[in-house]
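The data block below is coords-v4.cif; it holds mmCIF, C-alpha atoms.
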data_protein
#
loop_
_atom_site.label_atom_id
_atom_site.label_comp_id
_atom_site.auth_asym_id
_atom_site.auth_seq_id
_atom_site.Cartn_x
_atom_site.Cartn_y
_atom_site.Cartn_z
CA MET A 1213 -15.98 85.16 117.46
CA ASN A 1214 -15.59 88.16 119.71
CA MET A 1215 -17.35 89.82 122.60
CA ASN A 1216 -19.20 92.34 120.39
CA ASP A 1217 -21.69 89.86 119.02
CA ASN A 1218 -23.29 88.87 122.27
CA TYR A 1219 -24.74 92.09 123.58
CA PRO A 1220 -28.28 93.37 123.26
CA ALA A 1221 -29.10 95.86 120.56
CA GLY A 1222 -29.03 99.55 121.39
CA SER A 1223 -26.61 102.44 121.26
CA HIS A 1224 -24.50 100.97 118.53
CA VAL A 1225 -24.28 104.37 116.84
CA GLY A 1226 -20.76 105.77 117.20
CA GLU A 1227 -19.89 103.07 119.73
CA ASP A 1228 -16.56 103.13 121.52
CA HIS A 1229 -14.11 100.28 121.60
CA PRO A 1230 -13.38 98.95 125.09
CA VAL A 1231 -9.73 98.48 126.01
CA GLY A 1232 -8.52 94.90 125.77
CA SER A 1233 -11.25 93.53 123.54
CA VAL A 1234 -10.48 92.48 120.01
CA SER A 1235 -12.00 94.50 117.17
CA ALA A 1236 -14.77 92.86 115.19
CA GLY A 1237 -14.27 90.77 112.08
CA ARG A 1238 -11.06 88.95 112.96
CA SER A 1239 -10.80 85.21 112.64
CA LEU A 1240 -9.48 82.93 115.37
CA HIS A 1241 -6.19 82.50 113.51
CA GLN A 1242 -5.73 86.25 113.06
CA GLU A 1243 -6.45 86.79 116.75
CA ILE A 1244 -3.95 84.20 117.99
CA GLY A 1245 -1.47 85.28 115.29
CA GLY A 1246 -1.65 88.86 116.57
CA TYR A 1247 -0.86 87.72 120.11
CA LEU A 1248 2.03 85.58 118.86
CA VAL A 1249 3.52 88.57 117.02
CA GLY A 1250 3.19 90.63 120.21
CA LEU A 1251 4.83 87.88 122.26
CA ALA A 1252 7.71 87.52 119.77
CA LEU A 1253 8.35 91.28 119.75
CA ALA A 1254 8.22 91.45 123.57
CA VAL A 1255 10.63 88.50 123.91
CA GLY A 1256 12.95 90.08 121.33
CA LEU A 1257 13.01 93.45 123.06
CA THR A 1258 13.57 91.77 126.45
CA ALA A 1259 16.49 89.78 125.02
CA VAL A 1260 18.02 92.94 123.51
CA SER A 1261 17.65 94.71 126.89
CA PHE A 1262 19.48 91.93 128.75
CA TRP A 1263 22.12 91.77 125.99
CA ALA A 1264 22.66 95.55 126.14
CA THR A 1265 23.75 95.44 129.81
CA GLY A 1266 26.76 93.24 129.04
CA THR A 1267 27.78 94.51 125.64
CA ARG A 1268 30.68 96.74 124.70
CA SER A 1269 29.26 97.60 121.29
CA ILE A 1270 27.10 100.39 122.75
CA TYR A 1271 28.74 103.56 124.05
CA GLY A 1272 28.88 102.96 127.82
CA PRO A 1273 27.12 106.03 129.19
CA GLY A 1274 24.42 105.54 126.53
CA ILE A 1275 23.37 102.09 127.78
CA ALA A 1276 21.03 103.43 130.46
CA LEU A 1277 19.29 105.58 127.86
CA ALA A 1278 19.12 102.61 125.46
CA LEU A 1279 17.46 100.54 128.21
CA LEU A 1280 14.90 103.32 128.78
CA VAL A 1281 14.11 103.45 125.06
CA LEU A 1282 13.80 99.65 124.87
CA ALA A 1283 11.46 99.65 127.89
CA VAL A 1284 9.23 102.32 126.35
CA ALA A 1285 9.19 100.39 123.06
CA GLN A 1286 8.17 97.19 124.83
CA MET A 1287 5.41 99.00 126.74
CA GLY A 1288 4.14 100.21 123.36
CA ILE A 1289 4.18 96.63 122.05
CA HIS A 1290 2.12 95.49 125.06
CA LEU A 1291 -0.37 98.33 124.59
CA ILE A 1292 -0.84 97.59 120.90
CA PHE A 1293 -0.83 93.79 120.82
CA PHE A 1294 -2.25 92.84 124.23
CA LEU A 1295 -4.44 95.81 125.18
CA HIS A 1296 -5.43 96.56 121.55
CA ILE A 1297 -4.96 100.31 121.80
CA THR A 1298 -5.24 101.71 118.28
CA THR A 1299 -5.58 105.11 116.64
CA ALA A 1300 -9.07 104.29 115.35
CA PRO A 1301 -11.79 106.86 116.16
CA ASP A 1302 -13.65 104.39 118.41
CA ASN A 1303 -10.50 104.27 120.57
CA SER A 1304 -9.98 108.01 121.03
CA ASN A 1305 -11.36 108.09 124.59
CA ASN A 1306 -8.94 105.35 125.66
CA VAL A 1307 -6.01 107.06 123.92
CA LEU A 1308 -6.83 110.43 125.48
CA ALA A 1309 -6.99 108.87 128.97
CA LEU A 1310 -3.69 107.10 128.29
CA ALA A 1311 -2.07 110.34 127.06
CA PHE A 1312 -3.17 112.12 130.24
CA GLY A 1313 -1.82 109.25 132.36
CA VAL A 1314 1.53 109.37 130.55
CA LEU A 1315 1.68 113.15 131.08
CA ILE A 1316 1.16 112.76 134.85
CA VAL A 1317 3.70 109.90 135.05
CA CYS A 1318 6.32 112.00 133.22
CA LEU A 1319 5.64 115.02 135.45
CA ILE A 1320 5.99 112.93 138.62
CA VAL A 1321 9.08 110.95 137.62
CA PHE A 1322 11.13 113.52 135.69
CA GLY A 1323 9.95 116.37 137.92
CA SER A 1324 11.02 114.53 141.09
CA VAL A 1325 14.39 113.51 139.64
CA TRP A 1326 15.04 117.03 138.35
CA VAL A 1327 14.12 118.81 141.59
CA MET A 1328 15.90 116.34 143.88
CA ASN A 1329 19.09 116.39 141.78
CA HIS A 1330 19.17 120.17 142.09
CA LEU A 1331 18.66 119.87 145.85
CA ASN A 1332 21.47 117.29 146.06
CA HIS A 1333 23.68 119.60 144.04
CA GLY A 1334 22.93 122.42 146.49
CA MET A 1335 23.62 120.14 149.48
CA ALA A 1336 26.93 118.96 147.99
CA SER A 1337 28.23 122.50 147.57
CA MET A 1338 27.17 123.30 151.14
CA SER A 1339 29.01 120.33 152.62
CA GLY A 1340 32.11 121.59 150.86
CA MET A 1341 31.98 124.77 152.94
CA ALA A 1342 34.01 125.16 156.10
CA HIS A 1343 31.05 125.24 158.48
CA GLY A 1344 28.87 122.71 156.68
CA TYR A 1345 25.93 125.12 156.57
CA PRO A 1346 25.33 128.38 154.74
CA VAL A 1347 26.44 131.57 156.45
CA ARG A 1348 23.59 134.01 157.03
CA SER A 1349 24.27 137.72 156.78
CA MET B 276 -43.64 123.99 124.32
CA ASN B 277 -44.87 122.39 121.16
CA THR B 278 -45.74 118.85 122.21
CA GLU B 279 -47.03 117.96 118.74
CA ALA B 280 -43.56 118.45 117.33
CA LEU B 281 -42.11 116.14 119.98
CA ARG B 282 -44.62 113.40 119.16
CA ALA B 283 -44.08 113.69 115.44
CA PRO B 284 -42.14 110.82 113.87
CA PRO B 285 -38.44 111.59 113.59
CA THR B 286 -38.42 112.26 109.88
CA ALA B 287 -35.36 114.45 110.24
CA TYR B 288 -33.28 111.48 111.30
CA PRO B 289 -31.40 109.58 108.62
CA ARG B 290 -32.98 106.40 107.33
CA HIS B 291 -32.19 103.27 109.31
CA ASP B 292 -31.72 100.02 107.56
CA THR B 293 -31.36 97.57 110.39
CA ALA B 294 -33.43 96.86 113.47
CA LYS B 295 -30.34 97.47 115.52
CA GLU B 296 -29.96 101.04 114.27
CA VAL B 297 -33.65 101.79 114.82
CA ALA B 298 -33.35 100.42 118.34
CA ALA B 299 -30.45 102.80 118.92
CA PHE B 300 -32.87 105.72 118.74
CA GLU B 301 -35.38 104.17 121.11
CA VAL B 302 -33.14 103.60 124.12
CA THR B 303 -33.34 105.97 127.07
CA GLY B 304 -30.91 108.85 127.35
CA HIS B 305 -30.59 112.17 125.66
CA GLY B 306 -27.69 111.92 123.25
CA ILE B 307 -27.96 110.24 119.91
CA GLY B 308 -27.97 106.52 120.55
CA GLY B 309 -28.51 106.87 124.30
CA PRO B 310 -26.09 105.75 126.98
CA ALA B 311 -23.23 103.49 125.96
CA PRO B 312 -23.60 99.75 126.65
CA LYS B 313 -22.30 98.42 129.93
CA ARG B 314 -19.31 96.77 128.25
CA ILE B 315 -18.01 100.18 127.09
CA ILE B 316 -18.60 101.87 130.45
CA VAL B 317 -17.04 99.04 132.48
CA GLY B 318 -14.02 98.80 130.16
CA TYR B 319 -13.45 102.54 130.19
CA GLY B 320 -13.90 102.83 133.95
CA PHE B 321 -11.42 100.04 134.59
CA TRP B 322 -8.98 101.61 132.13
CA ILE B 323 -9.14 104.86 134.17
CA PHE B 324 -8.50 102.83 137.37
CA LEU B 325 -5.48 101.16 135.77
CA LEU B 326 -4.03 104.50 134.70
CA SER B 327 -4.44 105.79 138.26
CA ASP B 328 -2.65 102.66 139.47
CA VAL B 329 0.17 103.38 137.01
CA ILE B 330 0.39 106.91 138.46
CA LEU B 331 0.71 105.36 141.94
CA PHE B 332 3.60 103.24 140.66
CA SER B 333 5.20 106.29 139.04
CA ALA B 334 5.34 108.00 142.45
CA VAL B 335 7.13 104.98 143.95
CA PHE B 336 9.38 104.88 140.88
CA ALA B 337 10.27 108.54 141.39
CA ALA B 338 11.15 107.83 145.04
CA TYR B 339 13.40 104.95 143.93
CA ALA B 340 15.08 107.06 141.23
CA VAL B 341 15.83 109.78 143.77
CA LEU B 342 17.10 107.40 146.51
CA PHE B 343 18.88 104.91 144.23
CA LYS B 344 22.41 106.02 145.18
CA ASN B 345 21.72 106.49 148.91
CA THR B 346 23.07 103.13 150.06
CA ALA B 347 24.26 104.41 153.48
CA GLY B 348 27.39 102.27 153.22
CA GLY B 349 25.30 99.16 152.63
CA PRO B 350 25.15 96.95 149.54
CA SER B 351 24.47 98.65 146.21
CA ALA B 352 22.15 97.45 143.46
CA ARG B 353 25.13 96.11 141.49
CA GLN B 354 26.26 93.96 144.43
CA LEU B 355 22.78 92.58 145.18
CA PHE B 356 20.87 91.93 141.98
CA ASP B 357 21.09 88.56 140.27
CA LEU B 358 20.10 89.04 136.63
CA ARG B 359 19.55 85.32 136.00
CA SER B 360 16.68 85.21 138.50
CA VAL B 361 15.31 88.46 137.04
CA ALA B 362 15.39 86.93 133.55
CA VAL B 363 13.41 83.91 134.75
CA GLU B 364 10.89 86.14 136.54
CA THR B 365 10.49 88.23 133.38
CA GLY B 366 9.95 85.10 131.30
CA CYS B 367 7.32 83.80 133.75
CA LEU B 368 5.35 87.03 133.69
CA LEU B 369 5.55 87.45 129.91
CA ALA B 370 4.41 83.86 129.32
CA SER B 371 1.67 84.39 131.90
CA THR B 372 0.37 87.49 130.13
CA PHE B 373 0.35 85.56 126.83
CA ALA B 374 -1.56 82.69 128.45
CA CYS B 375 -4.04 85.25 129.78
CA ALA B 376 -4.55 86.57 126.23
CA MET B 377 -5.13 82.96 125.10
CA ALA B 378 -7.75 82.61 127.84
CA GLY B 379 -9.44 85.68 126.35
CA VAL B 380 -9.54 83.97 122.94
CA ALA B 381 -10.95 80.81 124.55
CA VAL B 382 -13.67 82.83 126.30
CA SER B 383 -14.70 84.50 123.04
CA GLU B 384 -14.82 81.00 121.51
CA ARG B 385 -16.92 79.79 124.50
CA SER B 386 -14.59 76.86 125.14
CA MET B 387 -14.70 75.99 128.85
CA LYS B 388 -11.87 73.45 128.57
CA TRP B 389 -9.42 75.86 126.93
CA THR B 390 -10.50 78.76 129.14
CA GLN B 391 -9.80 76.82 132.33
CA LEU B 392 -6.55 75.40 130.94
CA ALA B 393 -5.24 78.83 129.82
CA LEU B 394 -6.24 80.40 133.14
CA LEU B 395 -4.51 77.57 135.02
CA VAL B 396 -1.30 78.15 133.03
CA THR B 397 -1.62 81.91 133.66
CA GLY B 398 -1.97 81.25 137.37
CA LEU B 399 0.87 78.74 137.65
CA LEU B 400 3.28 81.10 135.86
CA GLY B 401 2.10 83.94 138.12
CA VAL B 402 2.67 81.79 141.23
CA SER B 403 6.20 80.95 140.00
CA PHE B 404 6.87 84.67 139.56
CA VAL B 405 5.70 85.49 143.10
CA PHE B 406 7.66 82.53 144.49
CA LEU B 407 10.89 83.63 142.75
CA GLU B 408 10.43 87.19 143.95
CA ALA B 409 9.79 86.07 147.53
CA HIS B 410 12.90 83.87 147.30
CA GLU B 411 14.92 86.87 146.10
CA PHE B 412 13.59 89.08 148.92
CA THR B 413 14.32 86.54 151.65
CA GLY B 414 17.82 86.13 150.19
CA PHE B 415 18.42 89.88 150.43
CA ILE B 416 17.12 90.01 154.00
CA ALA B 417 19.30 87.02 154.99
CA ARG B 418 22.33 88.92 153.67
CA GLY B 419 21.50 91.90 155.88
CA ALA B 420 20.03 93.87 152.98
CA GLY B 421 16.49 94.25 154.27
CA PRO B 422 14.27 97.28 153.74
CA THR B 423 15.62 98.93 156.90
CA ARG B 424 19.27 98.87 155.75
CA SER B 425 19.30 101.99 153.57
CA ALA B 426 17.07 104.47 151.74
CA PHE B 427 17.94 102.64 148.51
CA LEU B 428 16.68 99.32 149.89
CA SER B 429 13.57 100.90 151.46
CA SER B 430 12.54 102.33 148.10
CA PHE B 431 13.51 99.11 146.27
CA PHE B 432 11.37 96.91 148.54
CA THR B 433 8.49 99.39 148.33
CA LEU B 434 8.54 99.49 144.52
CA VAL B 435 9.11 95.81 143.73
CA GLY B 436 7.05 94.68 146.74
CA CYS B 437 4.12 96.85 145.59
CA HIS B 438 4.24 95.14 142.20
CA GLY B 439 4.48 91.72 143.87
CA ALA B 440 1.46 92.55 146.03
CA HIS B 441 -0.48 93.50 142.90
CA VAL B 442 0.44 90.19 141.24
CA THR B 443 -0.64 88.29 144.38
CA ALA B 444 -3.98 90.12 144.40
CA GLY B 445 -4.32 89.35 140.69
CA LEU B 446 -3.73 85.64 141.39
CA ILE B 447 -6.57 85.60 143.94
CA TRP B 448 -8.78 87.36 141.39
CA LEU B 449 -7.71 84.77 138.78
CA GLY B 450 -8.81 81.95 141.10
CA THR B 451 -12.22 83.53 141.57
CA MET B 452 -12.57 83.99 137.78
CA MET B 453 -11.88 80.28 137.19
CA ALA B 454 -14.50 79.38 139.80
CA GLN B 455 -17.04 81.82 138.34
CA PHE B 456 -16.62 80.50 134.80
CA ARG B 457 -17.04 76.96 136.13
CA ALA B 458 -20.10 77.73 138.25
CA LYS B 459 -21.90 80.30 136.09
CA GLY B 460 -20.64 79.72 132.56
CA PHE B 461 -19.95 82.45 130.00
CA ARG B 462 -22.57 84.87 131.31
CA GLU B 463 -22.27 88.50 130.18
CA ASP B 464 -21.44 89.87 133.65
CA ILE B 465 -18.78 87.21 134.21
CA ARG B 466 -17.20 88.03 130.86
CA LEU B 467 -17.12 91.72 131.84
CA ARG B 468 -15.25 90.81 135.04
CA PHE B 469 -12.90 88.69 132.99
CA LEU B 470 -12.27 91.60 130.58
CA CYS B 471 -11.24 93.71 133.59
CA PHE B 472 -8.99 90.92 134.85
CA THR B 473 -7.14 90.63 131.53
CA LEU B 474 -6.62 94.40 131.51
CA PHE B 475 -5.22 94.22 135.05
CA TRP B 476 -2.89 91.34 134.21
CA HIS B 477 -1.50 93.00 131.05
CA ALA B 478 -1.01 96.27 132.96
CA LEU B 479 1.03 94.43 135.62
CA ASP B 480 3.31 93.09 132.91
CA ILE B 481 3.76 96.61 131.51
CA ILE B 482 4.81 97.81 134.97
CA TRP B 483 7.20 94.86 135.27
CA VAL B 484 8.83 95.91 131.96
CA ALA B 485 9.67 99.25 133.58
CA ILE B 486 10.92 97.52 136.75
CA PHE B 487 13.22 94.96 135.12
CA SER B 488 14.64 97.51 132.66
CA LEU B 489 15.09 100.55 134.87
CA VAL B 490 15.58 98.97 138.32
CA TYR B 491 17.39 95.70 137.65
CA LEU B 492 19.22 96.22 134.34
CA VAL B 493 20.18 99.86 134.87
CA GLY B 494 20.95 99.06 138.53
CA THR B 495 23.57 96.45 137.62
CA LEU B 496 25.46 98.73 135.21
CA PRO B 497 28.96 99.72 136.39
CA PRO B 498 28.90 103.04 138.31
CA GLN B 499 30.71 105.00 135.58
CA MET B 500 27.94 104.11 133.11
CA LEU B 501 25.12 105.40 135.30
CA PRO B 502 23.57 108.74 134.43
#
Once more with this new file: its structure as C-alpha cells, please.
Amino acid sequence: MNMNDNYPAGSHVGEDHPVGSVSAGRSLHQEIGGYLVGLALAVGLTAVSFWATGTRSIYGPGIALALLVLAVAQMGIHLIFFLHITTAPDNSNNVLALAFGVLIVCLIVFGSVWVMNHLNHGMASMSGMAHGYPVRS
Amino acid sequence: MNTEALRAPPTAYPRHDTAKEVAAFEVTGHGIGGPAPKRIIVGYGFWIFLLSDVILFSAVFAAYAVLFKNTAGGPSARQLFDLRSVAVETGCLLASTFACAMAGVAVSERSMKWTQLALLVTGLLGVSFVFLEAHEFTGFIARGAGPTRSAFLSSFFTLVGCHGAHVTAGLIWLGTMMAQFRAKGFREDIRLRFLCFTLFWHALDIIWVAIFSLVYLVGTLPPQMLP
C-alpha cells in the first residue's frame, strides 16, 4: 500500500517520516482522495488570485498584500497535501529544516527590499539637491 | 573496562514483542535502533537540497523585487504580461504536479501501466509549460523587451528563466525515471530516486505559485495599487 512496507527490518524504533511519502495505514481511496482535496484547494486559491487582480471589491492598495497571502496559503496547501508535511513527531526534522529555510528566505527577500528601498530613498533626496551629490564639509 | 557487563544480555532494555523490534537493537550503530534506513536519509538529504534551492530562488526573487520598477524607459510589467498565457501555464504545472502524485500512488501499488501513464501525463503537461514559457519569452524578445533592455527585464528573465531551466532539467529526469521503471522494475533504489523526483517536481510547483502570484499578478496591477 505504501513505501514503508517494503524495506528490511531494522531501526524502526523512533523512525522518521521522509518528506513526500504517505503515512502508513491509508487506503488507496484515502490517498487519492487526499490528493484530490489538495488539487481542489490549489485550483480554488489560484482562481481567487486571478480574480483578485481584476476586482473592485477589494481595497485597491490591499490587493498586492492579498495576493501575497493567497500565495503563502497555496504554498501551505502544497506542503500539506503533496509533500505530506505534518506536525507529527516523526516529521519534526523535516519541519525544523523547513522553518530554517523559511527564515533564510524571509531574511533575504524582506532584508533586500528593506535595505534597497532605504538606499533608493536616500538617492532620491540627493537627486533633489542642486548639485546632484552630497556636499562634503 | 568491564567486558562481562558488555556481553551480558540486555535485560535493562524493554521487552520486545516483534522480530522487527528485536532486530532494531542488533543493527550496527551506537544510538538506540542504529542508523536510520536509507529511505529516511535519502528523503531528508534531498529535502535539505530542495530548501537550499528555494533559498537560491529567494535571492533571485529579492533581486527582482528590488529592480521591478527600474524599466529604464522600456516596457513595464503591466504592458508586457499576458495573464491568459500565465493562467494556462499555471494550469499545466498544477495538473502536472497532480499527475506526478498519481504516479506516486501507482508506484506504491506496483502498477507499471498506471505508473508509466501518469508519468507520461506529467511529462506532457511539463513540456506544454516549457513550450508556453519559451513562446512568451520569444514574444518579449521580438517586441524589443529582451533581458538586455532594462534592469527589470534582466531580473525577470533570470527569475522566470531559472524556474524554466529547473522544469526542463526535471523533464529530463522524468524521462530517465520512466526508462528506469521500465528496465529495472520497482526496485528499492529506483523507488528512492522516484521519491526524490516527486519532491523536486512538487517544489517546482511551489516556486511557480510564488512566481505567478508575485511576479505576474502583482506586476499587472495598476501603478497606484502597487506597494
ask   = Do you know which residues the PyMOL selection byres ((chain B) within 7 of (chain A)) returns on this file, as a ChimeraX atom specification?
value = /B:295-296,298-299,302,308-312,315,318-319,322-323,326,330,333-334,336-337,340-341,373,376,383-384,470,474,477,481,484-485,488-489,492-493,496,500-502
request  = Go ahead and compute the interatomic distance for CA of Ala454 in chain B and CA of Ala478 in chain B, in Å to one decimal.
outcome  = 22.7 Å
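Across the chains present, the PyMOL selection byres ((chain B and resi 430-446) around 8) applied to this file returns B:Phe332, B:Val335, B:Phe336, B:Ala338, B:Tyr339, B:Leu342, B:Phe343, B:Gly398, B:Gly401, B:Val402, B:Val405, B:Glu408, B:Pro422, B:Ala426, B:Phe427, B:Leu428, B:Ser429, B:Ile447, B:Trp448, B:Leu449, B:Gly450, B:Phe472, B:Phe475, B:Trp476, B:Leu479, B:Ile482, B:Trp483, B:Ile486.
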ask   = When distances are computed from all atoms listed in the file, which of B:Val490, B:Thr423, B:Leu394, B:Phe406 shows the smallest separation from Met452 in chain B?
value = B:Leu394
request  = Would you mind reading off the distance between CA of Leu392 in chain B and CA of Met453 in chain B, one decimal, in Å?
outcome  =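 For CA of Leu392 in chain B relative to CA of Met453 in chain B, the distance reads 9.6 Å.
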query = Got a sec to resolve the PyMOL selection byres ((chain B and resi 462) around 12) on this structure and send the residues as an MDAnalysis selection string?
reply = (chainID A and resid 1215 1218:1219) or (chainID B and resid 382:383 385 452 455:461 463:469)
Those residues with C-alpha atoms, as a short mmCIF file (atom, residue, chain, number, x, y, z; two decimals), in the frame of the given file please?
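Output contents, as saved in out26.cif:
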data_model
loop_
_atom_site.label_atom_id
_atom_site.label_comp_id
_atom_site.auth_asym_id
_atom_site.auth_seq_id
_atom_site.Cartn_x
_atom_site.Cartn_y
_atom_site.Cartn_z
CA MET A 1215 -17.35 89.82 122.60
CA ASN A 1218 -23.29 88.87 122.27
CA TYR A 1219 -24.74 92.09 123.58
CA VAL B 382 -13.67 82.83 126.30
CA SER B 383 -14.70 84.50 123.04
CA ARG B 385 -16.92 79.79 124.50
CA MET B 452 -12.57 83.99 137.78
CA GLN B 455 -17.04 81.82 138.34
CA PHE B 456 -16.62 80.50 134.80
CA ARG B 457 -17.04 76.96 136.13
CA ALA B 458 -20.10 77.73 138.25
CA LYS B 459 -21.90 80.30 136.09
CA GLY B 460 -20.64 79.72 132.56
CA PHE B 461 -19.95 82.45 130.00
CA GLU B 463 -22.27 88.50 130.18
CA ASP B 464 -21.44 89.87 133.65
CA ILE B 465 -18.78 87.21 134.21
CA ARG B 466 -17.20 88.03 130.86
CA LEU B 467 -17.12 91.72 131.84
CA ARG B 468 -15.25 90.81 135.04
CA PHE B 469 -12.90 88.69 132.99
#
ask   = CA of Gly494 in chain B and CA of Ser403 in chain B are how many Å apart?
value =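 It comes out at 23.4 Å.
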Output, as lines of an AutoDock Vina configuration file, the centre and edge lengths in Å (one decimal) of the axis-aligned box that contains all listed atoms of range 412-423 of chain B with 3 Å of margin on each side.
center_x = 18.0
center_y = 92.5
center_z = 152.9
size_x = 14.7
size_y = 18.8
size_z = 14.0
Save range 468-493 of chain B of the structure in the block above to a file, with N, CA and C atoms included, as a CSV table (one decimal), in the first residue's frame.
chain,number,residue,atom,x,y,z
B,468,ARG,N,14.9,7.0,-5.9
B,468,ARG,CA,15.1,8.1,-6.9
B,468,ARG,C,13.8,8.7,-7.3
B,469,PHE,N,12.8,7.9,-7.4
B,469,PHE,CA,11.5,8.4,-7.8
B,469,PHE,C,10.9,9.3,-6.7
B,470,LEU,N,11.1,8.9,-5.4
B,470,LEU,CA,10.7,9.7,-4.3
B,470,LEU,C,11.3,11.1,-4.4
B,471,CYS,N,12.6,11.2,-4.7
B,471,CYS,CA,13.3,12.4,-4.8
B,471,CYS,C,12.7,13.2,-6.0
B,472,PHE,N,12.4,12.5,-7.1
B,472,PHE,CA,11.9,13.3,-8.3
B,472,PHE,C,10.5,13.9,-7.9
B,473,THR,N,9.7,13.2,-7.2
B,473,THR,CA,8.4,13.8,-6.9
B,473,THR,C,8.6,15.0,-6.0
B,474,LEU,N,9.5,14.9,-5.0
B,474,LEU,CA,9.8,16.0,-4.2
B,474,LEU,C,10.2,17.2,-5.0
B,475,PHE,N,11.1,17.0,-6.0
B,475,PHE,CA,11.6,18.1,-6.9
B,475,PHE,C,10.5,18.7,-7.6
B,476,TRP,N,9.6,17.8,-8.2
B,476,TRP,CA,8.5,18.3,-9.0
B,476,TRP,C,7.5,19.2,-8.2
B,477,HIS,N,7.1,18.7,-7.0
B,477,HIS,CA,6.2,19.5,-6.2
B,477,HIS,C,6.9,20.8,-5.8
B,478,ALA,N,8.2,20.8,-5.5
B,478,ALA,CA,8.9,22.0,-5.1
B,478,ALA,C,8.8,23.0,-6.2
B,479,LEU,N,9.0,22.6,-7.5
B,479,LEU,CA,9.0,23.5,-8.6
B,479,LEU,C,7.6,24.1,-8.7
B,480,ASP,N,6.5,23.4,-8.4
B,480,ASP,CA,5.2,24.0,-8.4
B,480,ASP,C,5.0,25.0,-7.4
B,481,ILE,N,5.6,24.8,-6.2
B,481,ILE,CA,5.5,25.7,-5.1
B,481,ILE,C,6.2,27.0,-5.5
B,482,ILE,N,7.4,26.9,-6.2
B,482,ILE,CA,8.1,28.1,-6.6
B,482,ILE,C,7.3,28.8,-7.7
B,483,TRP,N,6.6,28.1,-8.5
B,483,TRP,CA,5.8,28.7,-9.6
B,483,TRP,C,4.6,29.5,-8.9
B,484,VAL,N,4.0,29.0,-7.8
B,484,VAL,CA,3.0,29.7,-7.1
B,484,VAL,C,3.5,31.1,-6.8
B,485,ALA,N,4.7,31.2,-6.2
B,485,ALA,CA,5.3,32.5,-5.8
B,485,ALA,C,5.4,33.3,-7.1
B,486,ILE,N,5.9,32.7,-8.2
B,486,ILE,CA,6.2,33.5,-9.4
B,486,ILE,C,4.9,34.0,-10.0
B,487,PHE,N,3.9,33.2,-10.2
B,487,PHE,CA,2.7,33.7,-10.9
B,487,PHE,C,1.9,34.7,-10.0
B,488,SER,N,2.0,34.5,-8.6
B,488,SER,CA,1.3,35.5,-7.8
B,488,SER,C,2.0,36.8,-7.7
B,489,LEU,N,3.3,36.7,-7.4
B,489,LEU,CA,4.0,37.9,-7.0
B,489,LEU,C,4.7,38.6,-8.2
B,490,VAL,N,5.0,37.8,-9.3
B,490,VAL,CA,5.6,38.5,-10.5
B,490,VAL,C,4.5,38.9,-11.4
B,491,TYR,N,3.7,37.9,-11.9
B,491,TYR,CA,2.7,38.2,-12.9
B,491,TYR,C,1.5,38.9,-12.4
B,492,LEU,N,0.9,38.4,-11.3
B,492,LEU,CA,-0.4,39.1,-10.9
B,492,LEU,C,-0.1,40.4,-10.3
B,493,VAL,N,0.9,40.5,-9.4
B,493,VAL,CA,1.2,41.8,-8.8
B,493,VAL,C,1.7,42.7,-9.9
